[in-house]
Amino acid sequence: MKKKHFAALMLFSFAANAQAQSSMSIYGLVDLGLAKTSGKTLIVRENHASRLGIRGVENLGGGLSAVFNLEIEILADTGAHKGALFERQANVGVRGGFGTAYLGRTKNLVDSAQNRVEPFATDGVVGKVNEAMMRGGVGVSRVSNSLTYVSPSLSGLVISAQAVASEVTGAHSGFGVLATYDNGPISMHAGYESTVQTMATLVEPTLWVVGGGYKIGPAKVTAAYSKGDTGVGTTGTFNSYLVGLVYTIGQGDAKAGYGNQTQSNSRVSNLNTVKELGIGYDYHLSKRTDLYAYAGRERVKSLTSIQLGLSHKF
């Protein structure tokens with residue numbers, strides 16, 4: 001473990017002293033607050049995952065650039081890192097007029113679209129229920145062993161594709177496609193995923209999502225729907241939807257979101273598994289620093305949660 005920490009420090013030190021032509025930068029986010037969920041003790045926890053990363057671009061000539069990204073998730077309350085050293089991002093690729101292609105560990109392409117519509121940046125309010133809800137029992141946040149392609153913007157339309165190797169004989173490899181459109185106050189997306197499997201199986205879980213938003217004056221209204229099919233009769237399918245609102249008031253943003261998920265399988269039909277309402281306010285101390293106050297209610301689990309915290313980007 002000490003060797004891992006030393007290697008990480010060496011990498012960040014190298015980035016900080018890199019030559020200008022490499023265009024390397026260190027970035028991150030530190031977020032912590034006090035949270036109280038019904039039936040549980042008061043705890044110190046993040047709302048948005050704290051992270052530390054290095055990213056860079058090098059001009060290769062001829063309109064091509066090399067790109068890379070390494071990113072660690074940090075447990076800011078203890079100073080430890082979560083999971084593998086670069087669990088959030090570890091990839092390298094090339095960029096040009098054709099778009100960007102990169103290999104390695106990165107965000108799940110379809111899952112990343114949640115951030116376009118979820119008012120709390122996919123982190124939710126009550127135990128991050130919103131984060132998993134739109135995955136439909138199938139999707140995940142990050143994928144390893146992937147090849148991802150992102151097209152250049154064509155009048156606001158971007159097409160992305162992702163292939164994920166299982167690296168296990170007999171296991172199903174995965175792929176996903178996502179189309180996003182942004183033009184003035186309008187934003188839309190649609191995606192489909194066949195989820196990678198890590199063990200030999202005939203099951204091929206699938207997920208598709210659609211969503212969009214519209215900004216009018218100080219308000220942005222969003223909505224999304226997803227359907228996940230696990231391919232297993234006893235688990236079945238998950239249908240989820242959410243609606244959100246972000247409204248700029250004073251020196252901050254008021255937020256509200258409602259999400260609902262139902263499960264249907266060989267034993268039950270339209271069983272509610274998530275029914276959550278969240279409200280909150282982000283007060284912008286600066287462009288990089290927010291004070292926030294969130295509250296939420298998850299009706300299926302009968303949980304109520306409140307959290308006060310501070311978030312800083314760098």
# chains A, B, ... in the order shown; residues from 1 in each chain; ligands from 1
>>> select_by_dssp(residues="region 68-173 of chain A", states="helix (DSSP H, G or I)", output="list in words")
Asp111, Ser112, Ala113, Gln114, Asn115, Arg116, Val129, Asn130, Glu131, Ala132 and Met133 of chain A
>>> residues_around(residues="Thr78 (chain A)", least_positions_apart="2", cutoff="12 Å", atoms="only C-alpha atoms", output="list of chain:residue names")
A:Leu32, A:Val44, A:Arg45, A:Glu46, A:Ser50, A:Ile74, A:Leu75, A:Ala76, A:Ala80, A:His81, A:Lys82
>>> write_last_selection(atoms="C-alpha atoms", output="mmCIF file, in the first residue's frame")
data_model
loop_
_atom_site.group_PDB
_atom_site.id
_atom_site.type_symbol
_atom_site.label_atom_id
_atom_site.label_comp_id
_atom_site.auth_asym_id
_atom_site.auth_seq_id
_atom_site.Cartn_x
_atom_site.Cartn_y
_atom_site.Cartn_z
ATOM 1 C CA LEU A 32 -17.744 16.747 2.900
ATOM 2 C CA VAL A 44 -19.513 12.813 8.115
ATOM 3 C CA ARG A 45 -19.885 11.940 4.428
ATOM 4 C CA GLU A 46 -19.566 13.378 0.947
ATOM 5 C CA SER A 50 -14.112 13.608 -3.739
ATOM 6 C CA ILE A 74 -10.698 9.969 -2.228
ATOM 7 C CA LEU A 75 -12.544 9.340 1.034
ATOM 8 C CA ALA A 76 -12.050 12.863 2.315
ATOM 9 C CA ALA A 80 -7.826 7.049 2.198
ATOM 10 C CA HIS A 81 -8.538 6.305 -1.462
ATOM 11 C CA LYS A 82 -11.438 4.130 -2.542
#
>>> residues_around(residues="Lys215 (chain A)", least_positions_apart="5", cutoff="7 Å", atoms="only C-alpha atoms", output="ChimeraX atom specification")
/A:185-186,220-221
>>> select_by_dssp(residues="region 57-129 of chain A", states="strand (DSSP E or B)", output="VMD selection string")
chain A and resid 57 to 61 64 to 75 80 to 81 89 to 96 99 to 107
>>> residues_around(residues="Ala113 (chain A)", least_positions_apart="6", cutoff="10 Å", atoms="only C-alpha atoms", output="MDAnalysis selection string")
chainID A and resid 122 134 178:180 188:191 209:212 224
>>> residues_around(residues="region 124-129 of chain A", least_positions_apart="2", cutoff="9 Å", atoms="only C-alpha atoms", output="number ranges by chain")
A: 37, 47, 118-122, 131-133, 257, 274, 276-280, 294-298, 303-307
>>> write_last_selection(atoms="C-alpha atoms", output="tab-separated table (two decimals), in the first residue's frame")
chain	number	residue	atom	x	y	z
A	37	THR	CA	-30.60	9.59	8.01
A	47	ASN	CA	-22.43	14.08	-1.42
A	118	GLU	CA	-30.39	14.55	-12.49
A	119	PRO	CA	-30.45	17.80	-10.46
A	120	PHE	CA	-28.06	16.45	-7.81
A	121	ALA	CA	-25.44	15.35	-10.38
A	122	THR	CA	-26.50	11.66	-10.08
A	131	GLU	CA	-27.35	7.22	-8.65
A	132	ALA	CA	-28.35	3.57	-9.05
A	133	MET	CA	-32.02	4.02	-9.93
A	257	GLY	CA	-35.98	15.87	-8.10
A	274	VAL	CA	-37.52	3.21	-5.42
A	276	GLU	CA	-37.64	9.21	-3.83
A	277	LEU	CA	-38.08	12.95	-3.51
A	278	GLY	CA	-35.12	15.29	-2.97
A	279	ILE	CA	-34.87	19.05	-2.49
A	280	GLY	CA	-31.87	21.27	-1.87
A	294	TYR	CA	-30.16	18.88	0.98
A	295	ALA	CA	-33.13	16.91	2.27
A	296	GLY	CA	-34.86	13.85	0.91
A	297	ARG	CA	-37.42	11.15	1.52
A	298	GLU	CA	-37.28	7.57	0.20
A	303	LEU	CA	-35.92	6.83	5.06
A	304	THR	CA	-35.56	10.56	5.55
A	305	SER	CA	-32.17	12.25	5.17
A	306	ILE	CA	-30.75	15.75	5.62
A	307	GLN	CA	-27.24	16.93	4.83
>>> closest_residue(among="A:Val268, A:Val196, A:Val143, A:Val246", to="Val168 (chain A)", atoms="only C-alpha atoms")
A:Val196
>>> residues_around(residues="Gly309 (chain A)", least_positions_apart="4", cutoff="6 Å", atoms="only C-alpha atoms", output="ChimeraX atom specification")
/A:32-33,291-292
>>> write_last_selection(atoms="C-alpha atoms", output="PDB file, in the first residue's frame")
ATOM      1  CA  LEU A  32     -17.744  16.747   2.900  1.00  0.00           C
ATOM      2  CA  GLY A  33     -20.748  17.396   5.067  1.00  0.00           C
ATOM      3  CA  LEU A 291     -22.291  25.475   0.493  1.00  0.00           C
ATOM      4  CA  TYR A 292     -25.219  23.077   0.163  1.00  0.00           C
TER       5      TYR A 292
END
